[in-house]
file coords-v2.cif (mmCIF, C-alpha atoms)
data_upload
#
loop_
_atom_site.label_atom_id
_atom_site.label_comp_id
_atom_site.auth_asym_id
_atom_site.auth_seq_id
_atom_site.Cartn_x
_atom_site.Cartn_y
_atom_site.Cartn_z
CA ALA A 1 96.93 -59.10 -40.67
CA VAL A 2 98.85 -61.04 -43.31
CA GLY A 3 95.71 -62.97 -44.26
CA LEU A 4 93.73 -59.76 -44.53
CA ALA A 5 96.36 -58.15 -46.73
CA THR A 6 96.51 -61.23 -48.96
CA ALA A 7 92.72 -61.22 -49.38
CA SER A 8 92.81 -57.52 -50.19
CA VAL A 9 95.44 -58.00 -52.90
CA SER A 10 93.45 -60.90 -54.39
CA VAL A 11 90.28 -58.80 -54.62
CA ALA A 12 92.19 -55.90 -56.13
CA ALA A 13 93.80 -58.10 -58.76
CA PHE A 14 90.45 -59.17 -60.19
CA ALA A 15 88.48 -55.96 -59.71
CA PRO A 16 88.64 -52.91 -62.05
CA VAL A 17 91.20 -50.39 -60.92
CA ASN A 18 88.66 -47.64 -60.42
CA SER A 19 85.92 -49.81 -58.92
CA TYR A 20 84.80 -49.57 -55.38
CA ALA A 21 86.22 -53.03 -54.54
CA ALA A 22 89.67 -52.12 -55.89
CA ARG A 23 89.81 -48.79 -54.06
CA THR A 24 88.62 -50.12 -50.68
CA SER A 25 90.65 -53.35 -50.81
CA ALA A 26 93.82 -51.61 -51.95
CA SER A 27 94.12 -49.82 -48.59
CA SER A 28 94.82 -51.87 -45.49
CA PRO A 29 92.56 -50.63 -42.68
CA LYS A 30 95.08 -51.65 -40.06
CA SER A 31 98.40 -50.54 -41.50
CA GLY A 32 97.04 -47.65 -43.54
CA THR A 33 99.26 -48.72 -46.44
CA ASN A 34 97.93 -48.35 -49.98
CA LEU A 35 98.66 -51.73 -51.57
CA LEU A 36 97.40 -50.73 -55.06
CA ALA A 37 97.87 -47.19 -56.23
CA SER A 38 94.85 -45.66 -57.96
CA PRO A 39 95.62 -43.75 -61.21
CA ASP A 40 92.88 -41.20 -60.51
CA ASN A 41 92.75 -40.43 -56.85
CA GLU A 42 90.37 -37.59 -57.55
CA ASN A 43 87.62 -40.14 -58.15
CA GLN A 44 87.67 -40.87 -54.47
CA ALA A 45 85.43 -38.95 -52.12
CA PRO A 46 87.07 -36.53 -49.70
CA ASP A 47 86.48 -38.94 -46.81
CA GLY A 48 88.53 -41.65 -48.51
CA VAL A 49 85.55 -43.81 -49.62
CA GLY A 50 85.86 -44.90 -53.27
CA THR A 51 83.22 -44.07 -55.91
CA PHE A 52 81.52 -46.67 -58.15
CA ASP A 53 83.00 -46.13 -61.64
CA PRO A 54 83.70 -49.58 -63.22
CA LEU A 55 83.99 -48.17 -66.77
CA ASP A 56 86.36 -45.36 -65.73
CA LEU A 57 84.08 -42.76 -67.28
CA ALA A 58 85.40 -40.03 -65.02
CA ALA A 59 88.90 -40.49 -66.42
CA GLU A 60 87.60 -40.36 -70.02
CA ASN A 61 85.64 -37.17 -69.32
CA GLU A 62 88.78 -35.58 -67.90
CA LEU A 63 90.72 -36.69 -70.99
CA LEU A 64 88.19 -35.08 -73.33
CA ALA A 65 88.19 -31.90 -71.27
CA THR A 66 92.00 -31.67 -71.36
CA PRO A 67 93.47 -29.65 -74.28
CA VAL A 68 95.01 -31.76 -77.03
CA SER A 69 98.43 -30.16 -76.59
CA SER A 70 98.61 -31.09 -72.90
CA ARG A 71 97.64 -34.76 -73.20
CA SER A 72 100.16 -37.55 -72.84
CA ASN A 73 101.57 -39.48 -75.77
CA ASN A 74 99.33 -42.43 -74.87
CA ASN A 75 96.28 -40.34 -75.72
CA GLY A 76 97.72 -38.76 -78.85
CA GLY A 77 95.71 -40.99 -81.22
CA LEU A 78 92.40 -39.98 -79.66
CA GLY A 79 93.37 -36.33 -79.77
CA MET A 80 94.34 -36.59 -83.43
CA VAL A 81 90.98 -38.20 -84.29
CA ALA A 82 89.08 -35.50 -82.40
CA ALA A 83 91.08 -32.72 -84.05
CA THR A 84 90.62 -34.22 -87.54
CA THR A 85 86.88 -34.66 -87.00
CA ALA A 86 86.52 -31.07 -85.86
CA ALA A 87 88.50 -29.80 -88.87
CA VAL A 88 86.40 -31.81 -91.36
CA TRP A 89 83.16 -30.67 -89.70
CA ALA A 90 84.23 -27.03 -89.85
CA ALA A 91 85.23 -27.34 -93.51
CA THR A 92 81.95 -28.96 -94.56
CA SER A 93 79.97 -26.41 -92.56
CA GLU A 94 81.72 -23.57 -94.38
CA VAL A 95 80.97 -25.17 -97.75
CA ALA A 96 77.32 -25.73 -96.83
CA SER A 97 76.94 -22.15 -95.66
CA ALA A 98 78.64 -20.76 -98.74
CA ASN A 99 76.22 -22.57 -101.10
CA ASP A 100 72.49 -22.81 -100.58
CA SER A 101 72.30 -26.05 -102.60
CA PRO A 102 74.50 -28.21 -104.83
CA ASP A 103 74.87 -27.38 -108.51
CA TRP A 104 72.53 -29.81 -110.30
CA GLY A 105 73.33 -28.45 -113.76
CA VAL A 106 70.69 -29.08 -116.42
CA PHE A 107 68.36 -30.65 -113.88
CA GLU A 108 67.77 -27.32 -112.15
CA GLY A 109 67.70 -25.33 -115.38
CA ARG A 110 64.68 -24.56 -117.54
CA ILE A 111 64.81 -27.85 -119.45
CA GLY A 112 64.89 -29.96 -116.30
CA SER A 113 62.28 -27.80 -114.61
CA MET A 114 59.86 -28.15 -117.52
CA LEU A 115 60.01 -31.94 -117.52
CA HIS A 116 57.41 -32.15 -114.77
CA PRO A 117 54.67 -29.94 -116.27
CA ILE A 118 55.11 -31.30 -119.80
CA THR A 119 55.11 -34.94 -118.69
CA MET A 120 52.20 -34.53 -116.31
CA GLY A 121 50.19 -32.73 -119.00
CA SER A 122 50.78 -35.75 -121.23
CA MET A 123 49.75 -38.03 -118.36
CA PHE A 124 46.46 -36.15 -118.08
CA LEU A 125 45.70 -36.88 -121.72
CA LEU A 126 46.73 -40.49 -121.16
CA THR A 127 44.35 -40.57 -118.19
CA LEU A 128 41.42 -39.54 -120.41
CA SER A 129 42.37 -42.10 -123.06
CA THR A 130 42.76 -44.88 -120.49
CA GLY A 131 39.42 -43.99 -118.92
CA LEU A 132 37.70 -44.14 -122.31
CA LEU A 133 39.21 -47.57 -122.97
CA GLY A 134 38.03 -48.70 -119.57
CA PHE A 135 34.43 -47.66 -120.19
CA GLN A 136 34.51 -49.30 -123.64
CA TRP A 137 35.82 -52.53 -122.10
CA ARG A 138 33.06 -52.36 -119.49
CA ARG A 139 30.53 -51.86 -122.29
CA GLN A 140 31.86 -54.90 -124.09
CA ARG A 141 31.53 -56.97 -120.92
CA THR A 142 28.01 -55.87 -120.02
CA ILE A 143 26.47 -55.61 -123.48
CA GLY A 144 25.64 -59.31 -123.36
CA ASP A 145 23.25 -58.66 -120.47
CA ASP A 146 21.37 -56.12 -122.59
CA ILE A 147 21.11 -58.56 -125.47
CA THR A 148 19.79 -61.29 -123.19
CA ALA A 149 17.20 -58.94 -121.70
CA LEU A 150 15.91 -57.95 -125.15
CA LYS A 151 15.69 -61.56 -126.32
CA LYS A 152 13.38 -62.32 -123.42
CA THR A 153 10.86 -59.84 -124.79
CA LEU A 154 10.62 -61.58 -128.18
CA PRO A 155 7.64 -63.82 -128.99
CA ASP A 156 8.10 -67.50 -129.64
CA LEU A 157 10.22 -67.83 -132.79
CA GLY A 158 9.41 -71.49 -133.35
CA GLY A 159 13.05 -72.54 -133.38
CA ALA A 160 14.22 -69.73 -135.69
CA LYS A 161 17.31 -67.72 -134.77
CA THR A 162 15.87 -64.32 -135.66
CA VAL A 163 12.49 -62.68 -136.00
CA GLY A 164 12.99 -62.38 -139.75
CA ASP A 165 13.56 -66.11 -140.08
CA ALA A 166 10.47 -66.78 -137.97
CA ILE A 167 8.35 -64.46 -140.16
CA ALA A 168 9.57 -66.16 -143.32
CA ALA A 169 8.70 -69.56 -141.87
CA ALA A 170 5.26 -68.37 -140.81
CA GLU A 171 4.46 -66.90 -144.24
CA SER A 172 5.41 -70.07 -146.04
CA ALA A 173 3.15 -72.19 -143.84
CA GLU A 174 -0.51 -72.75 -144.52
CA GLU A 175 -2.53 -69.74 -143.56
CA ASN A 176 -4.87 -70.13 -140.62
CA SER A 177 -6.03 -68.05 -137.70
CA VAL A 178 -3.23 -69.26 -135.37
CA GLU A 179 -0.43 -68.53 -137.83
CA ALA A 180 -1.96 -65.15 -138.67
CA ALA A 181 -2.00 -64.12 -135.02
CA ASN A 182 1.59 -65.34 -134.49
CA LEU A 183 2.70 -63.52 -137.62
CA SER A 184 1.39 -60.22 -136.33
CA LYS A 185 3.35 -60.68 -133.08
CA LEU A 186 6.50 -61.48 -134.99
CA LYS A 187 6.17 -58.37 -137.13
CA ALA A 188 5.65 -56.26 -134.00
CA ALA A 189 8.93 -57.65 -132.64
CA LEU A 190 10.98 -56.49 -135.62
CA PRO A 191 12.19 -53.25 -133.87
CA ILE A 192 13.38 -55.35 -130.94
CA GLN A 193 15.26 -57.63 -133.30
CA LYS A 194 16.89 -54.59 -134.88
CA ASP A 195 18.10 -53.43 -131.47
CA ILE A 196 19.50 -56.87 -130.79
CA ASP A 197 21.31 -56.91 -134.13
CA ASP A 198 22.81 -53.48 -133.41
CA LEU A 199 24.08 -54.58 -130.01
CA VAL A 200 25.60 -57.75 -131.46
CA ALA A 201 27.39 -55.70 -134.11
CA GLU A 202 28.62 -53.24 -131.47
CA ARG A 203 29.97 -56.07 -129.31
CA LYS A 204 31.74 -57.59 -132.30
CA ASP A 205 33.33 -54.24 -133.14
CA LEU A 206 34.48 -53.68 -129.53
CA SER A 207 35.89 -57.19 -129.31
CA SER A 208 38.10 -56.61 -132.35
CA LYS A 209 39.89 -53.67 -130.65
CA GLY A 210 41.49 -55.59 -127.79
CA LEU A 211 40.20 -53.10 -125.24
CA ARG A 212 41.06 -55.14 -122.16
CA ASP A 213 44.76 -55.40 -122.97
CA GLN A 214 45.00 -51.78 -124.09
CA HIS A 215 43.32 -50.52 -120.93
CA PHE A 216 45.63 -52.57 -118.72
CA SER A 217 48.78 -51.51 -120.61
CA GLN A 218 47.93 -47.80 -120.57
CA GLY A 219 46.90 -47.95 -116.93
CA SER A 220 50.21 -49.56 -115.96
CA LEU A 221 52.14 -46.95 -117.95
CA LEU A 222 50.15 -44.15 -116.34
CA ALA A 223 50.78 -45.47 -112.82
CA PHE A 224 54.53 -45.85 -113.43
CA ILE A 225 55.36 -42.64 -115.30
CA GLY A 226 52.85 -40.56 -113.33
CA THR A 227 54.27 -41.68 -109.98
CA CYS A 228 57.87 -41.13 -111.11
CA PHE A 229 57.26 -37.56 -112.25
CA ALA A 230 55.01 -36.79 -109.30
CA ILE A 231 58.16 -37.40 -107.24
CA GLU A 232 60.44 -35.66 -109.75
CA GLY A 233 58.53 -32.40 -109.41
CA PRO A 234 59.30 -31.80 -105.71
CA LEU A 235 62.88 -33.00 -106.23
CA ASN A 236 63.38 -30.44 -108.98
CA THR A 237 61.90 -27.73 -106.79
CA TYR A 238 64.29 -28.62 -103.98
CA ALA A 239 67.23 -28.63 -106.39
CA ARG A 240 66.39 -25.13 -107.59
CA ALA A 241 65.23 -23.45 -104.38
CA GLY A 242 66.79 -25.56 -101.65
CA LYS A 243 63.37 -26.12 -100.05
CA LEU A 244 59.82 -27.23 -100.82
CA PHE A 245 56.69 -25.10 -100.91
CA PRO A 246 53.85 -27.09 -99.30
CA GLY A 247 50.49 -26.07 -100.70
CA PRO A 248 47.33 -27.33 -102.43
CA HIS A 249 49.17 -28.34 -105.61
CA LEU A 250 51.66 -30.50 -103.70
CA TYR A 251 49.03 -32.07 -101.46
CA ALA A 252 46.66 -32.76 -104.35
CA GLY A 253 49.50 -34.42 -106.27
CA ALA A 254 50.19 -36.74 -103.33
CA GLY A 255 46.49 -37.56 -103.13
CA LEU A 256 46.41 -38.33 -106.86
CA VAL A 257 49.24 -40.84 -106.50
CA CYS A 258 47.33 -42.51 -103.64
CA LEU A 259 44.22 -42.80 -105.85
CA TRP A 260 46.31 -44.39 -108.61
CA ALA A 261 47.62 -46.93 -106.10
CA LEU A 262 44.09 -47.68 -104.88
CA ALA A 263 42.78 -48.19 -108.42
CA TYR A 264 45.69 -50.47 -109.31
CA ALA A 265 45.29 -52.48 -106.11
CA CYS A 266 41.74 -53.43 -107.17
CA VAL A 267 42.86 -55.18 -110.37
CA PRO A 268 43.45 -58.70 -108.92
CA ALA A 269 39.98 -58.76 -107.33
CA MET A 270 38.44 -57.40 -110.54
CA GLN A 271 39.98 -60.24 -112.51
CA LYS A 272 38.20 -62.65 -110.16
CA GLY A 273 34.86 -61.00 -110.91
CA SER A 274 34.39 -58.77 -107.84
CA ASP A 275 31.85 -56.04 -108.59
CA THR A 276 32.86 -54.21 -105.40
CA ALA A 277 36.45 -53.97 -106.61
CA ARG A 278 35.24 -52.69 -110.00
CA THR A 279 33.16 -50.00 -108.31
CA ILE A 280 36.11 -48.88 -106.17
CA HIS A 281 38.38 -48.95 -109.22
CA ILE A 282 36.06 -46.78 -111.27
CA GLY A 283 35.40 -44.38 -108.38
CA ALA A 284 39.12 -43.95 -107.65
CA ASN A 285 39.91 -43.24 -111.29
CA VAL A 286 37.04 -40.79 -111.73
CA ALA A 287 38.12 -38.93 -108.57
CA GLY A 288 41.72 -39.03 -109.75
CA ALA A 289 40.86 -37.63 -113.17
CA SER A 290 38.90 -34.79 -111.55
CA LEU A 291 41.78 -34.03 -109.19
CA PHE A 292 44.21 -34.21 -112.10
CA ALA A 293 42.17 -31.63 -114.03
CA TRP A 294 42.31 -29.30 -111.04
CA GLN A 295 46.07 -29.93 -110.85
CA ILE A 296 46.46 -28.60 -114.38
CA VAL A 297 44.69 -25.37 -113.44
CA SER A 298 46.70 -24.88 -110.23
CA GLY A 299 49.97 -25.87 -111.90
CA LEU A 300 49.88 -23.35 -114.76
CA PRO A 301 50.82 -20.32 -112.57
CA ILE A 302 53.66 -22.35 -111.07
CA MET A 303 54.93 -23.25 -114.54
CA PHE A 304 54.92 -19.61 -115.67
CA LYS A 305 56.84 -18.67 -112.51
CA VAL A 306 59.41 -21.38 -113.21
CA ILE A 307 59.87 -20.10 -116.77
CA GLU A 308 60.41 -16.62 -115.39
CA LEU A 309 63.04 -17.65 -112.84
CA THR A 310 65.03 -20.23 -114.80
CA LYS A 311 67.40 -20.06 -117.76
CA PHE A 312 68.37 -22.47 -120.52
CA PRO A 313 69.56 -25.14 -120.45
#

call {"tool": "encode", "arguments": {"input": "coords-v2.cif", "output": "structure tokens"}}
result
Amino acid sequence: AVGLATASVSVAAFAPVNSYAARTSASSPKSGTNLLASPDNENQAPDGVGTFDPLDLAAENELLATPVSSRSNNNGGLGMVAATTAAVWAATSEVASANDSPDWGVFEGRIGSMLHPITMGSMFLLTLSTGLLGFQWRRQRTIGDDITALKKTLPDLGGAKTVGDAIAAAESAEENSVEAANLSKLKAALPIQKDIDDLVAERKDLSSKGLRDQHFSQGSLLAFIGTCFAIEGPLNTYARAGKLFPGPHLYAGAGLVCLWALAYACVPAMQKGSDTARTIHIGANVAGASLFAWQIVSGLPIMFKVIELTKFP
């Protein structure tokens, strides 16, 4: 009996107080004496068999269910934290219910509300300008192919650079049947030479404008400012109304930003000479410009409504 009691005390010393091992070993089956008192006897089953609760969750649940005023001094800190949390939650809930949204000042006034339509209208004009620069840069790149194709249709110039130089050389040579026939071919090629000269002059004029750098700079500016104010618009709406109004204008704006991202993502491949990337780039920008134009039409009624419902500043 002494050995059994000693073993029971040893198990109880290393087991959690509320665990099954502690509860069963704390009672001697022979003497019926409780060697280790349990602080929460209610955790035991009616038949005296202990329950498995190593984390003492039952005691914590009882503590939370007990009113703060009736808890012991040992639990006073937890009660104070719970009471403070409840008070802060109630106070913030009252403030949130008293005001639909925070006071954003100028940002939710007429000036702040008009930033989006004015800026995006400017971005639409910048879109048209950037697109024009892009097509001019493409023309500058591809005009050399047109010049090469026309030069292949010219007759033999005999080492001369132009048809005019070849005609002058043929006229100064001794006249014979071969030179006369070649001279007639050269004179028939004069319109082709004129087209070549026009294309060369056009390429020189386009090259002097720095179209590539301008197109890249304006495109970068459009992607940055356009994306920022595409986000600013819904934020301003939420600041004024406390909610968003999902609809075609909002969805089309999100789609436009995605098209800008797609067009910009094609730039590295375009710089490596990928025609597929150029095609995707042009298609995304053409679709984006068309969607942007529709955005202007659908955004005008919204702008007039904003002017009606807002005040300066």

call {"tool": "residues_around", "arguments": {"input": "coords-v2.cif", "residues": "Met120 (chain A)", "least_positions_apart": "4", "cutoff": "9 Å", "atoms": "all atoms listed in the file", "output": "ChimeraX atom specification"}}
result
/A:115-116,124-125,225-226,229-230,296

call {"tool": "residues_around", "arguments": {"input": "coords-v2.cif", "residues": "region 146-151 of chain A", "least_positions_apart": "3", "cutoff": "6 Å", "atoms": "all atoms listed in the file", "output": "short mmCIF file (atom, residue, chain, number, x, y, z; two decimals) with C-alpha atoms, in the frame of the given file"}}
result
data_model
loop_
_atom_site.label_atom_id
_atom_site.label_comp_id
_atom_site.auth_asym_id
_atom_site.auth_seq_id
_atom_site.Cartn_x
_atom_site.Cartn_y
_atom_site.Cartn_z
CA ILE A 143 26.47 -55.61 -123.48
CA LEU A 154 10.62 -61.58 -128.18
CA ILE A 196 19.50 -56.87 -130.79
#

call {"tool": "closest_residue", "arguments": {"input": "coords-v2.cif", "among": "A:Cys228, A:Ala169, A:Val267, A:Leu256", "to": "Val286 (chain A)", "atoms": "only C-alpha atoms"}}
result
A:Leu256

call {"tool": "closest_residue", "arguments": {"input": "coords-v2.cif", "among": "A:Asp197, A:Gly233, A:Asp275, A:Gly134", "to": "Lys161 (chain A)", "atoms": "all atoms listed in the file"}}
result
A:Asp197

call {"tool": "atom_distance", "arguments": {"input": "coords-v2.cif", "atom1": "CA of Ser184 (chain A)", "atom2": "CA of Asp198 (chain A)"}}
result
22.6 Å

call {"tool": "resolve_selection", "arguments": {"input": "coords-v2.cif", "expression": "the PyMOL selection byres ((chain A and resi 279) around 12)", "output": "ChimeraX atom specification"}}
result
/A:138,262-263,266-267,269-270,273-278,280-286

call {"tool": "write_last_selection", "arguments": {"input": "coords-v2.cif", "atoms": "C-alpha atoms", "output": "mmCIF file, keeping the file's coordinate frame"}}
result
data_model
loop_
_atom_site.group_PDB
_atom_site.id
_atom_site.type_symbol
_atom_site.label_atom_id
_atom_site.label_comp_id
_atom_site.auth_asym_id
_atom_site.auth_seq_id
_atom_site.Cartn_x
_atom_site.Cartn_y
_atom_site.Cartn_z
ATOM 1 C CA ARG A 138 33.060 -52.360 -119.490
ATOM 2 C CA LEU A 262 44.090 -47.680 -104.880
ATOM 3 C CA ALA A 263 42.780 -48.190 -108.420
ATOM 4 C CA CYS A 266 41.740 -53.430 -107.170
ATOM 5 C CA VAL A 267 42.860 -55.180 -110.370
ATOM 6 C CA ALA A 269 39.980 -58.760 -107.330
ATOM 7 C CA MET A 270 38.440 -57.400 -110.540
ATOM 8 C CA GLY A 273 34.860 -61.000 -110.910
ATOM 9 C CA SER A 274 34.390 -58.770 -107.840
ATOM 10 C CA ASP A 275 31.850 -56.040 -108.590
ATOM 11 C CA THR A 276 32.860 -54.210 -105.400
ATOM 12 C CA ALA A 277 36.450 -53.970 -106.610
ATOM 13 C CA ARG A 278 35.240 -52.690 -110.000
ATOM 14 C CA ILE A 280 36.110 -48.880 -106.170
ATOM 15 C CA HIS A 281 38.380 -48.950 -109.220
ATOM 16 C CA ILE A 282 36.060 -46.780 -111.270
ATOM 17 C CA GLY A 283 35.400 -44.380 -108.380
ATOM 18 C CA ALA A 284 39.120 -43.950 -107.650
ATOM 19 C CA ASN A 285 39.910 -43.240 -111.290
ATOM 20 C CA VAL A 286 37.040 -40.790 -111.730
#

call {"tool": "resolve_selection", "arguments": {"input": "coords-v2.cif", "expression": "the PyMOL selection byres ((chain A and resi 253) around 10)", "output": "mmCIF file with C-alpha atoms, in the frame of the given file"}}
result
data_model
loop_
_atom_site.group_PDB
_atom_site.id
_atom_site.type_symbol
_atom_site.label_atom_id
_atom_site.label_comp_id
_atom_site.auth_asym_id
_atom_site.auth_seq_id
_atom_site.Cartn_x
_atom_site.Cartn_y
_atom_site.Cartn_z
ATOM 1 C CA GLY A 226 52.850 -40.560 -113.330
ATOM 2 C CA THR A 227 54.270 -41.680 -109.980
ATOM 3 C CA ALA A 230 55.010 -36.790 -109.300
ATOM 4 C CA ILE A 231 58.160 -37.400 -107.240
ATOM 5 C CA GLY A 233 58.530 -32.400 -109.410
ATOM 6 C CA PRO A 248 47.330 -27.330 -102.430
ATOM 7 C CA HIS A 249 49.170 -28.340 -105.610
ATOM 8 C CA LEU A 250 51.660 -30.500 -103.700
ATOM 9 C CA TYR A 251 49.030 -32.070 -101.460
ATOM 10 C CA ALA A 252 46.660 -32.760 -104.350
ATOM 11 C CA ALA A 254 50.190 -36.740 -103.330
ATOM 12 C CA GLY A 255 46.490 -37.560 -103.130
ATOM 13 C CA LEU A 256 46.410 -38.330 -106.860
ATOM 14 C CA VAL A 257 49.240 -40.840 -106.500
ATOM 15 C CA CYS A 258 47.330 -42.510 -103.640
ATOM 16 C CA LEU A 259 44.220 -42.800 -105.850
ATOM 17 C CA GLY A 288 41.720 -39.030 -109.750
ATOM 18 C CA LEU A 291 41.780 -34.030 -109.190
ATOM 19 C CA PHE A 292 44.210 -34.210 -112.100
ATOM 20 C CA GLN A 295 46.070 -29.930 -110.850
#

call {"tool": "atom_distance", "arguments": {"input": "coords-v2.cif", "atom1": "CA of Ala170 (chain A)", "atom2": "CA of Lys185 (chain A)"}}
result
11.1 Å

call {"tool": "closest_residue", "arguments": {"input": "coords-v2.cif", "among": "A:Leu132, A:Thr237, A:Ile192, A:Gly242", "to": "Met303 (chain A)", "atoms": "all atoms listed in the file"}}
result
A:Thr237

call {"tool": "closest_residue", "arguments": {"input": "coords-v2.cif", "among": "A:Met114, A:Leu309, A:Ile302, A:Leu211", "to": "Phe245 (chain A)", "atoms": "all atoms listed in the file"}}
result
A:Ile302

call {"tool": "closest_residue", "arguments": {"input": "coords-v2.cif", "among": "A:Thr310, A:Ser217, A:Gln193, A:Thr84", "to": "Thr130 (chain A)", "atoms": "all atoms listed in the file"}}
result
A:Ser217

call {"tool": "closest_residue", "arguments": {"input": "coords-v2.cif", "among": "A:Leu133, A:Lys243, A:Ser220, A:Asn236", "to": "Ile111 (chain A)", "atoms": "all atoms listed in the file"}}
result
A:Asn236

call {"tool": "atom_distance", "arguments": {"input": "coords-v2.cif", "atom1": "CA of Ser113 (chain A)", "atom2": "CA of Arg240 (chain A)"}}
result
8.6 Å

call {"tool": "residues_around", "arguments": {"input": "coords-v2.cif", "residues": "Gln136 (chain A)", "least_positions_apart": "3", "cutoff": "10 Å", "atoms": "all atoms listed in the file", "output": "list of chain:residue names"}}
result
A:Thr130, A:Gly131, A:Leu132, A:Leu133, A:Arg139, A:Gln140, A:Arg141, A:Thr142, A:Arg203, A:Leu206, A:Ser207, A:Lys209, A:Leu211, A:Arg212, A:His215
